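Reproduced below: coords_23.pdb, with PDB, C-alpha atoms.
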ATOM      1  CA  MET X   1       0.000   0.000   0.000
ATOM      2  CA  GLN X   2       1.126   3.551  -0.686
ATOM      3  CA  THR X   3       2.477   5.622   2.194
ATOM      4  CA  ARG X   4       2.676   9.374   2.656
ATOM      5  CA  ARG X   5       4.710  11.362   5.140
ATOM      6  CA  LEU X   6       2.662  12.970   7.905
ATOM      7  CA  GLY X   7       3.378  16.681   7.549
ATOM      8  CA  LYS X   8       6.936  17.531   8.576
ATOM      9  CA  THR X   9       7.289  14.514  10.875
ATOM     10  CA  GLN X  10       9.229  11.319  10.253
ATOM     11  CA  LEU X  11       6.028   9.251  10.403
ATOM     12  CA  GLU X  12       5.153   7.447   7.171
ATOM     13  CA  LEU X  13       1.466   6.493   7.172
ATOM     14  CA  THR X  14      -0.339   4.207   4.783
ATOM     15  CA  THR X  15      -3.010   6.042   2.812
ATOM     16  CA  ILE X  16      -5.627   4.032   4.692
ATOM     17  CA  GLY X  17      -5.779   4.087   8.492
ATOM     18  CA  ILE X  18      -7.821   1.858  10.801
ATOM     19  CA  GLY X  19     -10.565   3.815  12.574
ATOM     20  CA  THR X  20     -11.965   2.590  15.885
ATOM     21  CA  TRP X  21     -14.731   5.054  16.759
ATOM     22  CA  ALA X  22     -17.458   2.495  16.079
ATOM     23  CA  ILE X  23     -15.913  -0.351  18.092
ATOM     24  CA  GLY X  24     -16.352   1.720  21.248
ATOM     25  CA  GLY X  25     -19.913   0.385  21.323
ATOM     26  CA  GLY X  26     -23.258   2.073  21.782
ATOM     27  CA  ASP X  27     -23.441   2.977  25.455
ATOM     28  CA  TRP X  28     -22.692   6.692  25.008
ATOM     29  CA  SER X  29     -24.119   9.668  23.159
ATOM     30  CA  PHE X  30     -21.953   9.259  20.042
ATOM     31  CA  GLY X  31     -21.959   5.456  19.909
ATOM     32  CA  TRP X  32     -22.543   3.251  16.885
ATOM     33  CA  GLY X  33     -24.535   0.446  18.475
ATOM     34  CA  ASP X  34     -23.434  -2.801  20.072
ATOM     35  CA  GLN X  35     -20.076  -4.241  19.026
ATOM     36  CA  ASP X  36     -18.779  -7.814  18.954
ATOM     37  CA  GLU X  37     -15.344  -7.510  20.578
ATOM     38  CA  LYS X  38     -13.844 -10.563  18.874
ATOM     39  CA  GLU X  39     -14.921  -9.226  15.493
ATOM     40  CA  ALA X  40     -13.350  -5.855  16.290
ATOM     41  CA  VAL X  41      -9.987  -7.383  17.182
ATOM     42  CA  ALA X  42     -10.135  -9.654  14.134
ATOM     43  CA  GLY X  43     -10.864  -6.628  11.956
ATOM     44  CA  ILE X  44      -7.811  -4.793  13.279
ATOM     45  CA  HIS X  45      -5.624  -7.836  12.666
ATOM     46  CA  LYS X  46      -6.988  -8.194   9.123
ATOM     47  CA  GLY X  47      -6.234  -4.540   8.379
ATOM     48  CA  ILE X  48      -2.620  -4.934   9.477
ATOM     49  CA  GLU X  49      -2.344  -8.171   7.493
ATOM     50  CA  LEU X  50      -3.523  -6.272   4.398
ATOM     51  CA  GLY X  51      -0.819  -3.640   4.821
ATOM     52  CA  VAL X  52      -2.335  -0.843   6.926
ATOM     53  CA  ASN X  53       0.337   0.522   9.268
ATOM     54  CA  TRP X  54      -1.557   2.765  11.670
ATOM     55  CA  ILE X  55      -4.608   2.858  13.949
ATOM     56  CA  ASP X  56      -6.584   5.859  15.170
ATOM     57  CA  THR X  57      -8.566   5.752  18.397
ATOM     58  CA  ALA X  58      -9.585   8.065  21.265
ATOM     59  CA  ALA X  59     -10.038   7.850  25.010
ATOM     60  CA  ILE X  60     -13.667   8.936  24.733
ATOM     61  CA  TYR X  61     -14.698   6.172  22.312
ATOM     62  CA  GLY X  62     -16.841   4.061  24.605
ATOM     63  CA  ASP X  63     -15.122   5.663  27.618
ATOM     64  CA  GLY X  64     -11.918   3.753  26.954
ATOM     65  CA  ALA X  65     -13.541   0.656  25.428
ATOM     66  CA  SER X  66     -12.049   1.286  21.994
ATOM     67  CA  GLU X  67      -8.527   1.741  23.380
ATOM     68  CA  VAL X  68      -8.886  -1.468  25.383
ATOM     69  CA  LEU X  69      -9.742  -3.413  22.215
ATOM     70  CA  VAL X  70      -6.869  -1.806  20.327
ATOM     71  CA  GLY X  71      -4.559  -2.763  23.189
ATOM     72  CA  LYS X  72      -5.824  -6.336  23.054
ATOM     73  CA  ALA X  73      -5.214  -6.496  19.313
ATOM     74  CA  LEU X  74      -1.681  -5.134  19.768
ATOM     75  CA  ARG X  75      -0.801  -7.631  22.485
ATOM     76  CA  GLU X  76      -1.795 -10.509  20.224
ATOM     77  CA  MET X  77       0.629  -9.352  17.507
ATOM     78  CA  PRO X  78       4.408  -9.816  17.269
ATOM     79  CA  GLY X  79       6.177  -6.600  18.227
ATOM     80  CA  SER X  80       7.735  -6.288  14.774
ATOM     81  CA  GLU X  81       4.281  -6.209  13.160
ATOM     82  CA  ARG X  82       2.628  -3.700  15.461
ATOM     83  CA  PRO X  83       1.250  -0.587  13.765
ATOM     84  CA  LEU X  84       1.636   3.045  14.729
ATOM     85  CA  VAL X  85      -1.036   4.201  17.179
ATOM     86  CA  ALA X  86      -2.775   7.577  17.342
ATOM     87  CA  THR X  87      -5.223   8.550  20.064
ATOM     88  CA  LYS X  88      -6.887  11.673  21.428
ATOM     89  CA  CYS X  89      -7.656  13.537  24.636
ATOM     90  CA  GLY X  90      -9.902  16.310  25.893
ATOM     91  CA  ARG X  91     -13.330  14.626  26.024
ATOM     92  CA  ILE X  92     -14.636  13.337  29.343
ATOM     93  CA  MET X  93     -17.577  10.963  29.732
ATOM     94  CA  GLN X  94     -20.280  12.119  32.135
ATOM     95  CA  GLU X  95     -22.514   9.942  34.317
ATOM     96  CA  ASP X  96     -25.410  10.304  31.875
ATOM     97  CA  ALA X  97     -23.176   9.081  28.980
ATOM     98  CA  THR X  98     -22.917  12.561  27.471
ATOM     99  CA  VAL X  99     -19.552  14.170  26.757
ATOM    100  CA  LYS X 100     -17.901  17.271  28.205
ATOM    101  CA  GLY X 101     -14.684  18.934  27.123
ATOM    102  CA  CYS X 102     -11.748  19.409  29.498
ATOM    103  CA  LEU X 103      -8.335  20.670  28.380
ATOM    104  CA  LYS X 104      -6.729  21.497  31.717
ATOM    105  CA  LYS X 105      -3.135  20.292  32.033
ATOM    106  CA  GLU X 106      -3.829  17.865  34.874
ATOM    107  CA  SER X 107      -6.701  16.274  32.959
ATOM    108  CA  VAL X 108      -4.729  15.934  29.717
ATOM    109  CA  VAL X 109      -1.772  14.334  31.503
ATOM    110  CA  ARG X 110      -4.110  11.981  33.370
ATOM    111  CA  GLU X 111      -5.832  10.997  30.120
ATOM    112  CA  CYS X 112      -2.518  10.298  28.416
ATOM    113  CA  GLU X 113      -1.334   8.036  31.217
ATOM    114  CA  ALA X 114      -4.649   6.157  31.162
ATOM    115  CA  SER X 115      -4.417   5.737  27.377
ATOM    116  CA  LEU X 116      -0.875   4.368  27.669
ATOM    117  CA  ARG X 117      -2.139   1.757  30.136
ATOM    118  CA  ARG X 118      -5.166   0.736  28.070
ATOM    119  CA  LEU X 119      -3.151   0.520  24.871
ATOM    120  CA  GLY X 120      -0.290  -1.291  26.556
ATOM    121  CA  VAL X 121       2.373   0.890  24.921
ATOM    122  CA  GLU X 122       5.224   2.972  26.309
ATOM    123  CA  CYS X 123       4.800   5.798  23.808
ATOM    124  CA  ILE X 124       1.830   7.029  21.758
ATOM    125  CA  ASP X 125       2.931   7.758  18.187
ATOM    126  CA  LEU X 126       0.462  10.609  17.623
ATOM    127  CA  TYR X 127      -1.433  12.332  20.440
ATOM    128  CA  GLN X 128      -4.225  14.721  19.463
ATOM    129  CA  ILE X 129      -6.554  17.252  21.065
ATOM    130  CA  HIS X 130      -9.917  15.768  20.112
ATOM    131  CA  TRP X 131     -11.959  18.990  20.067
ATOM    132  CA  PRO X 132     -11.067  22.625  20.870
ATOM    133  CA  ASP X 133     -13.473  22.613  23.808
ATOM    134  CA  PRO X 134     -13.269  24.784  25.783
ATOM    135  CA  ASP X 135     -11.539  27.072  23.311
ATOM    136  CA  GLU X 136      -9.837  29.166  25.995
ATOM    137  CA  ASP X 137      -7.902  26.144  27.257
ATOM    138  CA  ILE X 138      -6.401  24.825  24.016
ATOM    139  CA  GLU X 139      -3.044  26.504  24.695
ATOM    140  CA  GLU X 140      -2.851  24.922  28.145
ATOM    141  CA  ALA X 141      -3.522  21.467  26.717
ATOM    142  CA  TRP X 142      -1.087  21.996  23.844
ATOM    143  CA  SER X 143       1.699  23.093  26.178
ATOM    144  CA  ALA X 144       1.087  20.006  28.317
ATOM    145  CA  MET X 145       1.274  17.798  25.231
ATOM    146  CA  ALA X 146       4.526  19.440  24.142
ATOM    147  CA  GLU X 147       5.945  18.613  27.574
ATOM    148  CA  MET X 148       4.813  15.003  27.271
ATOM    149  CA  LYS X 149       6.557  14.818  23.909
ATOM    150  CA  LYS X 150       9.811  15.918  25.557
ATOM    151  CA  GLU X 151       9.262  13.280  28.241
ATOM    152  CA  GLY X 152       8.864  10.559  25.611
ATOM    153  CA  LYS X 153       5.257   9.709  26.420
ATOM    154  CA  VAL X 154       4.162  10.766  22.934
ATOM    155  CA  ARG X 155       6.089  10.924  19.685
ATOM    156  CA  GLU X 156       4.173  13.607  17.767
ATOM    157  CA  ILE X 157       1.277  15.914  18.634
ATOM    158  CA  GLY X 158      -1.636  17.017  16.503
ATOM    159  CA  VAL X 159      -5.193  18.320  16.618
ATOM    160  CA  SER X 160      -8.623  17.159  15.538
ATOM    161  CA  ASN X 161     -11.626  19.314  14.573
ATOM    162  CA  HIS X 162      -9.695  22.585  14.961
ATOM    163  CA  GLY X 163     -10.085  25.710  12.865
ATOM    164  CA  VAL X 164      -7.353  27.698  11.137
ATOM    165  CA  ILE X 165      -7.290  30.472  13.752
ATOM    166  CA  GLN X 166      -6.990  27.908  16.533
ATOM    167  CA  MET X 167      -4.132  26.165  14.739
ATOM    168  CA  GLU X 168      -2.365  29.508  14.350
ATOM    169  CA  ARG X 169      -2.551  30.004  18.102
ATOM    170  CA  LEU X 170      -1.104  26.571  18.808
ATOM    171  CA  ARG X 171       1.689  26.801  16.244
ATOM    172  CA  SER X 172       3.163  29.710  18.197
ATOM    173  CA  ILE X 173       3.772  27.234  21.048
ATOM    174  CA  HIS X 174       4.811  24.066  19.195
ATOM    175  CA  PRO X 175       4.570  22.800  15.583
ATOM    176  CA  ILE X 176       1.408  20.886  14.660
ATOM    177  CA  ALA X 177       2.044  17.472  13.152
ATOM    178  CA  SER X 178      -1.484  16.841  11.932
ATOM    179  CA  LEU X 179      -5.088  17.923  11.645
ATOM    180  CA  GLN X 180      -7.853  15.326  11.769
ATOM    181  CA  PRO X 181     -11.021  16.769  10.192
ATOM    182  CA  PRO X 182     -14.145  15.128   8.785
ATOM    183  CA  TYR X 183     -13.930  15.049   4.997
ATOM    184  CA  SER X 184     -15.995  13.251   2.400
ATOM    185  CA  MET X 185     -18.009  13.829  -0.746
ATOM    186  CA  LEU X 186     -20.904  14.752   1.541
ATOM    187  CA  ASN X 187     -18.898  17.086   3.763
ATOM    188  CA  ARG X 188     -16.475  19.348   1.875
ATOM    189  CA  GLU X 189     -16.225  22.227   4.313
ATOM    190  CA  VAL X 190     -12.478  21.753   4.873
ATOM    191  CA  GLU X 191     -11.643  22.334   1.205
ATOM    192  CA  GLU X 192     -12.029  26.093   1.542
ATOM    193  CA  ASP X 193      -9.601  26.887   4.376
ATOM    194  CA  HIS X 194      -8.394  23.881   6.368
ATOM    195  CA  LEU X 195      -6.734  21.804   3.661
ATOM    196  CA  PRO X 196      -4.990  24.753   1.975
ATOM    197  CA  TYR X 197      -3.702  25.860   5.390
ATOM    198  CA  CYS X 198      -2.351  22.369   6.062
ATOM    199  CA  GLY X 199      -0.624  22.308   2.698
ATOM    200  CA  GLU X 200       0.954  25.720   3.194
ATOM    201  CA  ASN X 201       2.222  24.918   6.693
ATOM    202  CA  GLY X 202       3.368  21.315   6.436
ATOM    203  CA  ILE X 203       0.532  19.876   8.526
ATOM    204  CA  GLY X 204      -0.631  16.397   7.575
ATOM    205  CA  ALA X 205      -4.389  15.926   7.140
ATOM    206  CA  ILE X 206      -5.717  12.557   8.317
ATOM    207  CA  CYS X 207      -9.399  12.575   7.462
ATOM    208  CA  TYR X 208     -12.181  10.815   9.339
ATOM    209  CA  SER X 209     -15.605   9.749   8.043
ATOM    210  CA  PRO X 210     -14.382   9.681   4.404
ATOM    211  CA  MET X 211     -17.291   7.373   3.576
ATOM    212  CA  GLY X 212     -19.881   9.644   5.134
ATOM    213  CA  LYS X 213     -20.352   7.356   8.163
ATOM    214  CA  GLY X 214     -21.302   4.529   5.833
ATOM    215  CA  LEU X 215     -23.570   6.397   3.425
ATOM    216  CA  LEU X 216     -21.052   6.174   0.586
ATOM    217  CA  THR X 217     -20.180   2.488   0.930
ATOM    218  CA  GLY X 218     -22.766   1.397  -1.593
ATOM    219  CA  ALA X 219     -24.360  -0.905   0.954
ATOM    220  CA  PHE X 220     -26.524   1.671   2.715
ATOM    221  CA  SER X 221     -30.250   1.952   1.997
ATOM    222  CA  ARG X 222     -33.394   3.685   3.204
ATOM    223  CA  GLU X 223     -34.395   0.478   4.984
ATOM    224  CA  ARG X 224     -31.069   0.292   6.776
ATOM    225  CA  ALA X 225     -31.377   3.914   7.850
ATOM    226  CA  LYS X 226     -34.816   3.246   9.329
ATOM    227  CA  ALA X 227     -33.414   0.256  11.216
ATOM    228  CA  LEU X 228     -30.638   2.198  12.984
ATOM    229  CA  SER X 229     -30.926   1.619  16.728
ATOM    230  CA  ASP X 230     -31.241   4.331  19.353
ATOM    231  CA  LYS X 231     -27.691   3.408  20.409
ATOM    232  CA  ASP X 232     -26.433   4.483  16.984
ATOM    233  CA  HIS X 233     -25.889   8.252  16.874
ATOM    234  CA  ARG X 234     -26.511   8.243  13.118
ATOM    235  CA  SER X 235     -30.211   7.754  13.856
ATOM    236  CA  ARG X 236     -30.157  11.408  14.977
ATOM    237  CA  ASP X 237     -28.070  12.708  12.066
ATOM    238  CA  PRO X 238     -30.076  14.598   9.387
ATOM    239  CA  LYS X 239     -27.904  13.066   6.656
ATOM    240  CA  PHE X 240     -29.543   9.727   7.480
ATOM    241  CA  SER X 241     -33.145  10.949   7.224
ATOM    242  CA  PRO X 242     -35.184  12.326   4.307
ATOM    243  CA  PRO X 243     -34.808  14.567   2.448
ATOM    244  CA  GLN X 244     -31.008  14.570   2.865
ATOM    245  CA  LEU X 245     -30.841  10.775   2.855
ATOM    246  CA  ASP X 246     -32.528  10.612  -0.550
ATOM    247  CA  CYS X 247     -30.082  13.120  -2.040
ATOM    248  CA  ASN X 248     -27.114  11.274  -0.564
ATOM    249  CA  LEU X 249     -28.183   7.890  -1.894
ATOM    250  CA  GLU X 250     -28.747   9.422  -5.337
ATOM    251  CA  VAL X 251     -25.071  10.426  -5.356
ATOM    252  CA  VAL X 252     -24.073   6.829  -4.676
ATOM    253  CA  GLU X 253     -26.152   5.510  -7.562
ATOM    254  CA  ALA X 254     -24.785   8.179  -9.901
ATOM    255  CA  ILE X 255     -21.151   7.297  -9.220
ATOM    256  CA  ARG X 256     -21.503   3.546  -8.642
ATOM    257  CA  PRO X 257     -20.774   2.767 -12.336
ATOM    258  CA  LEU X 258     -17.251   4.171 -11.865
ATOM    259  CA  ALA X 259     -16.488   1.466  -9.325
ATOM    260  CA  GLU X 260     -18.174  -1.231 -11.395
ATOM    261  CA  GLU X 261     -16.201  -0.279 -14.511
ATOM    262  CA  SER X 262     -12.973  -0.432 -12.498
ATOM    263  CA  GLY X 263     -13.881  -3.802 -10.987
ATOM    264  CA  ARG X 264     -13.678  -2.406  -7.467
ATOM    265  CA  PRO X 265     -16.060  -2.334  -4.480
ATOM    266  CA  MET X 266     -18.059   0.892  -4.317
ATOM    267  CA  ALA X 267     -16.621   1.596  -0.839
ATOM    268  CA  GLN X 268     -13.184   2.269  -2.344
ATOM    269  CA  LEU X 269     -14.348   5.158  -4.531
ATOM    270  CA  PRO X 270     -15.008   7.740  -1.775
ATOM    271  CA  LEU X 271     -11.611   6.910  -0.249
ATOM    272  CA  ALA X 272      -9.790   7.424  -3.535
ATOM    273  CA  TRP X 273     -11.676  10.704  -3.949
ATOM    274  CA  VAL X 274     -10.564  12.019  -0.536
ATOM    275  CA  LEU X 275      -6.979  10.931  -1.218
ATOM    276  CA  ARG X 276      -6.893  12.882  -4.496
ATOM    277  CA  ARG X 277      -5.999  15.955  -2.430
ATOM    278  CA  PRO X 278      -2.215  16.323  -1.953
ATOM    279  CA  GLU X 279      -2.729  17.738   1.551
ATOM    280  CA  VAL X 280      -4.350  14.494   2.705
ATOM    281  CA  THR X 281      -1.932  11.994   4.219
ATOM    282  CA  SER X 282      -4.447   9.249   4.963
ATOM    283  CA  ALA X 283      -8.149   8.408   5.090
ATOM    284  CA  ILE X 284      -9.432   6.735   8.253
ATOM    285  CA  VAL X 285     -11.868   3.872   7.671
ATOM    286  CA  GLY X 286     -14.009   2.302  10.354
ATOM    287  CA  VAL X 287     -13.254  -1.350  11.040
ATOM    288  CA  ARG X 288     -15.888  -3.319  12.969
ATOM    289  CA  ASN X 289     -15.070  -6.687  11.390
ATOM    290  CA  PRO X 290     -12.620  -8.211   8.893
ATOM    291  CA  SER X 291     -14.938  -7.967   5.887
ATOM    292  CA  GLN X 292     -15.191  -4.182   6.173
ATOM    293  CA  ILE X 293     -11.470  -3.572   5.814
ATOM    294  CA  GLU X 294     -11.236  -6.166   3.043
ATOM    295  CA  GLN X 295     -13.740  -4.095   1.045
ATOM    296  CA  THR X 296     -12.150  -0.702   1.667
ATOM    297  CA  VAL X 297      -8.380  -1.124   1.860
ATOM    298  CA  GLY X 298      -7.846  -1.067  -1.915
ATOM    299  CA  GLY X 299      -9.083   2.517  -2.065
ATOM    300  CA  GLY X 300      -5.680   3.632  -0.834
ATOM    301  CA  ASP X 301      -4.067   2.667  -4.143
ATOM    302  CA  TRP X 302      -6.736   3.903  -6.569
ATOM    303  CA  ASN X 303      -5.714   7.013  -8.491
ATOM    304  CA  LEU X 304      -8.827   8.480 -10.090
ATOM    305  CA  THR X 305      -8.668   9.885 -13.615
ATOM    306  CA  GLN X 306      -9.837  13.400 -14.413
ATOM    307  CA  GLU X 307     -12.803  11.929 -16.260
ATOM    308  CA  GLU X 308     -13.814   9.965 -13.160
ATOM    309  CA  LEU X 309     -13.394  13.040 -10.972
ATOM    310  CA  ASP X 310     -15.619  15.019 -13.342
ATOM    311  CA  VAL X 311     -18.389  12.426 -12.991
ATOM    312  CA  VAL X 312     -18.194  12.663  -9.200
ATOM    313  CA  GLU X 313     -18.201  16.454  -9.301
ATOM    314  CA  GLY X 314     -21.282  16.449 -11.490
ATOM    315  CA  ALA X 315     -23.159  14.204  -9.057
ATOM    316  CA  LEU X 316     -22.143  16.345  -6.090
ATOM    317  CA  SER X 317     -23.157  19.570  -7.828
ATOM    318  CA  LEU X 318     -26.593  18.127  -8.553
ATOM    319  CA  ARG X 319     -26.913  17.137  -4.885
ATOM    320  CA  GLU X 320     -26.071  20.679  -3.804
ATOM    321  CA  GLU X 321     -28.723  22.094  -6.108
ATOM    322  CA  LYS X 322     -31.403  19.729  -4.797
ATOM    323  CA  LEU X 323     -30.537  20.408  -1.162
ATOM    324  CA  ALA X 324     -30.651  24.156  -1.789
ATOM    325  CA  GLN X 325     -34.101  23.822  -3.358
ATOM    326  CA  LEU X 326     -35.220  21.913  -0.255
ATOM    327  CA  GLY X 327     -33.778  24.524   2.086
ATOM    328  CA  GLN X 328     -31.260  22.017   3.435
ATOM    329  CA  THR X 329     -27.580  22.548   4.204
ATOM    330  CA  SER X 330     -25.072  20.000   2.984
ATOM    331  CA  GLN X 331     -22.512  20.874   5.630
ATOM    332  CA  GLY X 332     -22.178  19.794   9.218
ATOM    333  CA  TRP X 333     -18.847  19.352  10.909
ATOM    334  CA  VAL X 334     -19.217  15.750  12.111
TER     335      VAL X 334
END
When written as structure tokens, how does the structure in this file appear?
Amino acid sequence: MQTRRLGKTQLELTTIGIGTWAIGGGDWSFGWGDQDEKEAVAGIHKGIELGVNWIDTAAIYGDGASEVLVGKALREMPGSERPLVATKCGRIMQEDATVKGCLKKESVVRECEASLRRLGVECIDLYQIHWPDPDEDIEEAWSAMAEMKKEGKVREIGVSNHGVIQMERLRSIHPIASLQPPYSMLNREVEEDHLPYCGENGIGAICYSPMGKGLLTGAFSRERAKALSDKDHRSRDPKFSPPQLDCNLEVVEAIRPLAEESGRPMAQLPLAWVLRRPEVTSAIVGVRNPSQIEQTVGGGDWNLTQEELDVVEGALSLREEKLAQLGQTSQGWV
């Protein structure tokens, strides 16, 4: 699989990364429903077997549940085969399963130490501020992370879901290795400012939800959307309900022939599209079981032609027009 250097760091990441948001389970406000733990671990192992060299997780995913499963998967692998690991801090689970931001130094340090234990590693390869919440404390958290880098607890530090102005503030303290934003055919907000800023300043973009949380896989349907459980946060996402759902599924049907003509699974097309941008280092794909990563991993090596890109652009432009007529917005950060 192709690799790209992460910004100005020495980290070489495969163009596909293993995402573990969904394997955190459904017992919190941004869960994805119940998860079979054995399937999750098997999915991680399959991804590494297929050539993926890094995993992204976060302390908040299932209140540590995702990191525990990643740690289990790592322990069952020979040390020489273990992938790079990225995780995040700054989100604290509340008693009612909602999430609150905390970026105080003591909290960030405590989270890092807990993540090291759950993951079973001595150093986290990439440590990220999950959200800039509260905004006034991002410098305090960033300074703490820079200290932990000096101490050897983390190798590189980056941010997730941050804006350009916030990144400017942090860069005055310590260089930013990476930005992790949502980016897909259905969510192009970062194309205007975030990606150009990353390119100009040597910040690697590692994009999450490149398949629109499953909408762009080719396997999603209106029936499946209706069947989403209350434990799955997508059941509350307007992209998964009419009229946005109808417009989104129309995009899939319009571009599906591109995948069929190339002899590839539909799920690889949105990944190749995200990776067309030179600022993007890697696309993070959710892995809940082995079959998912088997379907998606090839997208990291698919270089789309200009003709194929034009077909996609036409479908997305038509979607924008329809949403505008319906008084709907196509954007939404997550």
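For the point (-8.1, -4.0, 15.0), the residues with at least one atom inside 8 Å, counting all atoms listed in the file, are Ile18, Thr20, Ala40, Val41, Ala42, Gly43, Ile44, His45, Lys46, Gly47, Ile48, Ile55, Leu69, Val70, Ala73 and Val287 of chain X.
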Check which residues satisfy the PyMOL selection byres ((chain X and resi 328) around 12) in the file shown, then give them as a PyMOL selection string. chain X and resi 238-239+241-245+247+319-327+329-332
List the residues matched by the PyMOL selection byres ((chain X and resi 26) around 9) in the displayed structure as a list in words, ordered by chain and then by residue number.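 Residues picked by the PyMOL selection byres ((chain X and resi 26) around 9): Ala22, Ile23, Gly24, Gly25, Asp27, Trp28, Ser29, Phe30, Gly31, Trp32, Gly33, Asp34, Gln35, Gly62, Asp230, Lys231, Asp232 and His233 of chain X.
Interatomic distance, atom CA of Ala144 of chain X against atom CA of Ile206 of chain X: 22.4 Å.
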Using only C-alpha atoms for the distances, tell me which of X:Thr14, X:Gln295, X:Thr87, X:Gln180 is nearest to Ser66 of chain X.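 Among the listed residues, X:Thr87 lies closest to Ser66 of chain X.
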Show me, as CSV, the residues of segment 129-174 of chain X having an atom within 9 Å of segment 191-203 of chain X, each with the closest atom pair and its distance in Å, using all atoms listed in the file.
residue,atom,partner,partner_atom,distance
X:Gly158,CA,X:Ile203,CA,8.7
X:His162,CA,X:His194,CA,8.8
X:Gly163,CA,X:His194,CA,7.0
X:Val164,CA,X:His194,CA,6.2
Centre and size of axis-aligned box enclosing segment 116-134 of chain X plus 6 Å each side, as lines of an AutoDock Vina configuration file:
center_x = -4.1
center_y = 11.7
center_z = 23.9
size_x = 30.7
size_y = 38.1
size_z = 24.5
Find, counting all atoms listed in the file, the residue in X:Lys104, X:Arg236, X:Arg256, X:Lys8 that gets nearest to Pro270 of chain X.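 Closest residue, counting all atoms listed in the file: X:Arg256.
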Dig up all the protein and nucleic acid residues within 9 Å of (0.3, 13.7, 32.0) in the file frame, using only C-alpha atoms, and format them as an mmCIF file with C-alpha atoms, in the coordinates of the input.
data_model
loop_
_atom_site.group_PDB
_atom_site.id
_atom_site.type_symbol
_atom_site.label_atom_id
_atom_site.label_comp_id
_atom_site.auth_asym_id
_atom_site.auth_seq_id
_atom_site.Cartn_x
_atom_site.Cartn_y
_atom_site.Cartn_z
ATOM 1 C CA LYS X 105 -3.135 20.292 32.033
ATOM 2 C CA GLU X 106 -3.829 17.865 34.874
ATOM 3 C CA SER X 107 -6.701 16.274 32.959
ATOM 4 C CA VAL X 108 -4.729 15.934 29.717
ATOM 5 C CA VAL X 109 -1.772 14.334 31.503
ATOM 6 C CA ARG X 110 -4.110 11.981 33.370
ATOM 7 C CA GLU X 111 -5.832 10.997 30.120
ATOM 8 C CA CYS X 112 -2.518 10.298 28.416
ATOM 9 C CA GLU X 113 -1.334 8.036 31.217
ATOM 10 C CA ALA X 144 1.087 20.006 28.317
ATOM 11 C CA MET X 145 1.274 17.798 25.231
ATOM 12 C CA GLU X 147 5.945 18.613 27.574
ATOM 13 C CA MET X 148 4.813 15.003 27.271
ATOM 14 C CA LYS X 153 5.257 9.709 26.420
#
Please enumerate the residues selected by the PyMOL selection byres ((chain X and resi 137) around 12) when evaluated against the supplied file, formatted as an MDAnalysis selection string. chainID X and resid 90 101:108 129 131:136 138:144 166 169:170
Pick the closest to Arg5 of chain X from X:Ala259, X:Val52, X:Ala267, X:Ala205: which is it, counting only C-alpha atoms? X:Ala205
Quick one: residues within 8 Å of segment 315-317 of chain X, only C-alpha atoms counted, chain neighbours fewer than 3 positions away excluded, as a ChimeraX atom specification? /X:185-186,251,254-255,311-312,320-321
Rebuild N, CA and C atoms on segment 319-330 of chain X, as a short mmCIF file (atom, residue, chain, number, x, y, z; two decimals), keeping the file's coordinate frame?
data_model
loop_
_atom_site.label_atom_id
_atom_site.label_comp_id
_atom_site.auth_asym_id
_atom_site.auth_seq_id
_atom_site.Cartn_x
_atom_site.Cartn_y
_atom_site.Cartn_z
N ARG X 319 -26.46 17.29 -6.28
CA ARG X 319 -26.91 17.14 -4.88
C ARG X 319 -27.03 18.49 -4.21
N GLU X 320 -26.04 19.35 -4.41
CA GLU X 320 -26.07 20.68 -3.80
C GLU X 320 -27.29 21.46 -4.28
N GLU X 321 -27.58 21.37 -5.55
CA GLU X 321 -28.72 22.09 -6.11
C GLU X 321 -30.03 21.61 -5.48
N LYS X 322 -30.17 20.29 -5.36
CA LYS X 322 -31.40 19.73 -4.80
C LYS X 322 -31.56 20.10 -3.32
N LEU X 323 -30.47 20.05 -2.58
CA LEU X 323 -30.54 20.41 -1.16
C LEU X 323 -30.90 21.88 -1.00
N ALA X 324 -30.35 22.73 -1.86
CA ALA X 324 -30.65 24.16 -1.79
C ALA X 324 -32.13 24.40 -2.07
N GLN X 325 -32.68 23.69 -3.04
CA GLN X 325 -34.10 23.82 -3.36
C GLN X 325 -34.98 23.39 -2.19
N LEU X 326 -34.47 22.43 -1.41
CA LEU X 326 -35.22 21.91 -0.26
C LEU X 326 -34.96 22.71 1.01
N GLY X 327 -34.10 23.72 0.91
CA GLY X 327 -33.78 24.52 2.09
C GLY X 327 -32.91 23.79 3.08
N GLN X 328 -32.13 22.83 2.58
CA GLN X 328 -31.26 22.02 3.44
C GLN X 328 -29.81 22.44 3.25
N THR X 329 -29.01 22.30 4.31
CA THR X 329 -27.58 22.55 4.20
C THR X 329 -26.85 21.23 4.05
N SER X 330 -25.83 21.23 3.21
CA SER X 330 -25.07 20.00 2.98
C SER X 330 -23.92 19.86 3.96
#
